[in-house]
Amino acid sequence: MDSRFLPADFFRTLRKEEIFPNPARPLEVDLGCGDGTFLAAMAAQHPERDFLGIERLMGRVAKTARKIERGGLKNARILRLESAYCVGWLLPTGGVSRLHLLCPDPWPKKKHRKNRLINNEEFLDGLERVLPPGGEFLLKSDHEGYYENAIESFDARPAFLREPWTEDAFFCPQTDFEKQWLAEGRTIHRGRWRRV
């Protein structure tokens, strides 16, 4: 199986077995997966789950593919595409057990808040579609405004219930951005929402 995932059709909702052969296995998605550090660590730690990274920048996709291949990770793949479209239209309905959004661009200027993924209706509607009851959306950000905006967005959606997320709740490797920001003394805000 190729580490780079290329859908046969970009204009219809996928079935889980088109991404990985066994649709009974949990599927986790890492949006904006960067160079694949988090994705590869999660796939190595959890061989019983499948992991799909989504990244739009070609150089990062290539780095992620190399990490997957070097690690011999048969349960990880990378897709080069825009995140909001993938969640809104492409990912399997009810097929994603956990979706990670880690250290996204905070779009800090007030006039740019509309660019935040957590304010994108296509993304939020899609998140309700792809996560089954009990599925989780996990967010990490060093930007307090982004984090507060996420709480506001999800509080307005009755399909999501905010859950506690302590550091020791489950295995969650740090991204390169997270390591950098912690070294600079920044606070990492964690948000965890369950689909009800």
# chains A, B, ... in the order shown; residues from 1 in each chain; ligands from 1
call {"tool": "residues_around", "arguments": {"residues": "region 95-107 of chain A", "least_positions_apart": "5", "cutoff": "6 Å", "atoms": "only C-alpha atoms", "output": "JSON, numbers by chain"}}
result
{"A": [26, 27, 28, 29, 30, 31, 112, 113, 130, 131, 135, 136, 137, 138, 139, 140, 141, 146]}
call {"tool": "write_last_selection", "arguments": {"atoms": "C-alpha atoms", "output": "PDB file, in the first residue's frame"}}
result
ATOM      1  CA  PRO A  26     -10.561   2.936  14.126  1.00  0.00           C
ATOM      2  CA  LEU A  27      -9.462   5.748  11.798  1.00  0.00           C
ATOM      3  CA  GLU A  28      -7.767   8.857  13.189  1.00  0.00           C
ATOM      4  CA  VAL A  29      -7.131  11.938  11.066  1.00  0.00           C
ATOM      5  CA  ASP A  30      -4.363  14.501  11.609  1.00  0.00           C
ATOM      6  CA  LEU A  31      -5.320  17.772   9.887  1.00  0.00           C
ATOM      7  CA  HIS A 112      -8.588  37.314   9.546  1.00  0.00           C
ATOM      8  CA  ARG A 113     -10.662  35.352  12.108  1.00  0.00           C
ATOM      9  CA  VAL A 130     -17.567  12.355   9.856  1.00  0.00           C
ATOM     10  CA  LEU A 131     -17.463  11.778  13.621  1.00  0.00           C
ATOM     11  CA  GLY A 135     -15.993  10.294  18.156  1.00  0.00           C
ATOM     12  CA  GLU A 136     -13.609  13.021  19.300  1.00  0.00           C
ATOM     13  CA  PHE A 137     -12.195  16.291  18.007  1.00  0.00           C
ATOM     14  CA  LEU A 138      -8.892  17.281  19.667  1.00  0.00           C
ATOM     15  CA  LEU A 139      -7.358  20.751  19.415  1.00  0.00           C
ATOM     16  CA  LYS A 140      -4.038  22.110  20.660  1.00  0.00           C
ATOM     17  CA  SER A 141      -3.027  25.740  20.269  1.00  0.00           C
ATOM     18  CA  TYR A 146      -7.863  30.811  18.918  1.00  0.00           C
TER      19      TYR A 146
END
call {"tool": "residues_around", "arguments": {"residues": "Pro173 (chain A)", "least_positions_apart": "6", "cutoff": "12 Å", "atoms": "only C-alpha atoms", "output": "PyMOL selection string"}}
result
chain A and resi 36-45+100+102+140+167+179
call {"tool": "residues_around", "arguments": {"residues": "region 59-70 of chain A", "least_positions_apart": "3", "cutoff": "6 Å", "atoms": "only C-alpha atoms", "output": "JSON, numbers by chain"}}
result
{"A": [3, 34, 35, 36, 73]}
call {"tool": "write_last_selection", "arguments": {"atoms": "N, CA and C atoms", "output": "PDB file, in the first residue's frame"}}
result
ATOM      1  N   SER A   3       2.178   4.946   0.700  1.00  0.00           N
ATOM      2  CA  SER A   3       2.005   5.854   1.837  1.00  0.00           C
ATOM      3  C   SER A   3       1.238   7.114   1.440  1.00  0.00           C
ATOM      4  N   GLY A  34       1.724  18.660   8.899  1.00  0.00           N
ATOM      5  CA  GLY A  34       3.097  19.163   8.841  1.00  0.00           C
ATOM      6  C   GLY A  34       4.056  18.127   8.276  1.00  0.00           C
ATOM      7  N   ASP A  35       5.160  17.890   8.992  1.00  0.00           N
ATOM      8  CA  ASP A  35       6.167  16.948   8.495  1.00  0.00           C
ATOM      9  C   ASP A  35       5.909  15.515   8.950  1.00  0.00           C
ATOM     10  N   GLY A  36       4.761  15.280   9.589  1.00  0.00           N
ATOM     11  CA  GLY A  36       4.370  13.920   9.938  1.00  0.00           C
ATOM     12  C   GLY A  36       4.926  13.379  11.247  1.00  0.00           C
ATOM     13  N   LEU A  73       5.406   1.861   8.453  1.00  0.00           N
ATOM     14  CA  LEU A  73       4.077   2.027   9.043  1.00  0.00           C
ATOM     15  C   LEU A  73       2.990   1.734   8.016  1.00  0.00           C
TER      16      LEU A  73
END
call {"tool": "select_by_dssp", "arguments": {"residues": "region 46-183 of chain A", "states": "strand (DSSP E)", "output": "PyMOL selection string"}}
result
chain A and resi 50-55+76-80+98-102+136-141+160-163
call {"tool": "select_by_dssp", "arguments": {"residues": "region 116-188 of chain A", "states": "alpha helix (DSSP H)", "output": "ChimeraX atom specification"}}
result
/A:121-130,144-155,176-183
call {"tool": "closest_residue", "arguments": {"among": "A:Ser83, A:Ala76, A:Pro92, A:Gly134", "to": "Glu17 (chain A)", "atoms": "only C-alpha atoms"}}
result
A:Pro92
call {"tool": "closest_residue", "arguments": {"among": "A:Arg80, A:Lys16, A:His143, A:Lys109", "to": "Ile188 (chain A)", "atoms": "only C-alpha atoms"}}
result
A:His143
call {"tool": "atom_distance", "arguments": {"atom1": "CA of Ser153 (chain A)", "atom2": "CA of Tyr85 (chain A)"}}
result
18.5 Å
call {"tool": "closest_residue", "arguments": {"among": "A:Cys172, A:Ala24, A:Ala183, A:Ile118", "to": "Arg157 (chain A)", "atoms": "only C-alpha atoms"}}
result
A:Ile118
call {"tool": "residues_around", "arguments": {"residues": "Leu6 (chain A)", "least_positions_apart": "2", "cutoff": "7 Å", "atoms": "only C-alpha atoms", "output": "list in words"}}
result
Arg4, Ala8 and Leu79 of chain A
